[in-house]
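In what follows, a structure is listed as structure tokens, so that the remarks can point back to it.
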Amino acid sequence: MSSISQFLPEPKHTISRPETKVEEVSDVQALVATTTDSGAIPEYGQRLGWVPKTAGDFGDGGAYPEIHVLQYPLGMGKKRAAKGNALSKQVDSDGNTSYSALANFGRRENETVHSQFKDL
């Protein structure tokens, strides 16, 4: 079986990537661990393995584009918990259900809703 590399020309340029040693990576991770314990944000080139988790990690705003995780600096863009849409049943002293809360639900506070005939 023939290989496709037989038909392709030799590459004009080669990419040389420096190989990182396991010892160097562990040293960087140890450095990052010590800096995050003290509360300081690691420098730009030394953020390997560091992830911002608190609002204090973002300082006065701005995300870290070199860190590929979801980031919400100052809570911007983060979905907030939706308000519940459950209503409590209101009953008067005689045990009759008051439907005015149901009629007023979702309306502005200053908006007048006539829920009974006697309100007109």
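Just remember, in the structure tokens the first chain shown is A, the second B, etc., residues are 1-based per chain, and ligands are 1-based in the order shown.
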
Excluding stretch 75-77 of chain A and any residue of its chain fewer than 4 positions from it, enumerate the residues within 12 Å of it, using only C-alpha atoms, and give them as number ranges by chain.
-> A: 53-56, 58, 60-63, 70-71

Please provide as a compact mmCIF listing (two decimals) with C-alpha atoms, in the first residue's frame all residues within 10 Å of A:Gly45, with the sequence filter that same-chain residues fewer than 2 positions apart are discarded (counting only C-alpha atoms).
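Result file follows (out_13.txt):
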```txt
# COMPACT_ATOMS: atom_id res chain seq x y z
CA VAL A 28 4.80 26.34 37.13
CA PRO A 42 -0.43 35.18 38.53
CA GLU A 43 1.41 37.11 35.85
CA ARG A 47 -1.36 31.38 34.51
CA LEU A 48 -1.10 27.73 33.49
CA GLU A 66 -5.95 33.10 27.48
```

If you run DSSP on the backbone, which residues of stretch 68-104 of chain A are strand (DSSP E), as number ranges by chain?
-> A: 90-91, 97-98

Prev. selection, C-alpha atoms, output as a PDB file, in the first residue's frame:
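That gives us part.pdb:
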```
ATOM      1  CA  GLN A  90     -55.410  34.900  49.698  1.00  0.00           C
ATOM      2  CA  VAL A  91     -58.496  34.394  51.790  1.00  0.00           C
ATOM      3  CA  THR A  97     -60.961  33.486  48.079  1.00  0.00           C
ATOM      4  CA  SER A  98     -59.672  36.882  46.969  1.00  0.00           C
TER       5      SER A  98
END
```

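If you look at atom CA of A:Glu111 and atom CA of A:Asp94, they are 27.6 Å away from each other.
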
Just how far from atom CA of A:Tyr99 is atom CA of A:Ala81, in Å to one decimal?
-> 27.3 Å

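Coordinates place atom CA of A:Ala86 at a distance of 9.8 Å from atom CA of A:Phe105.
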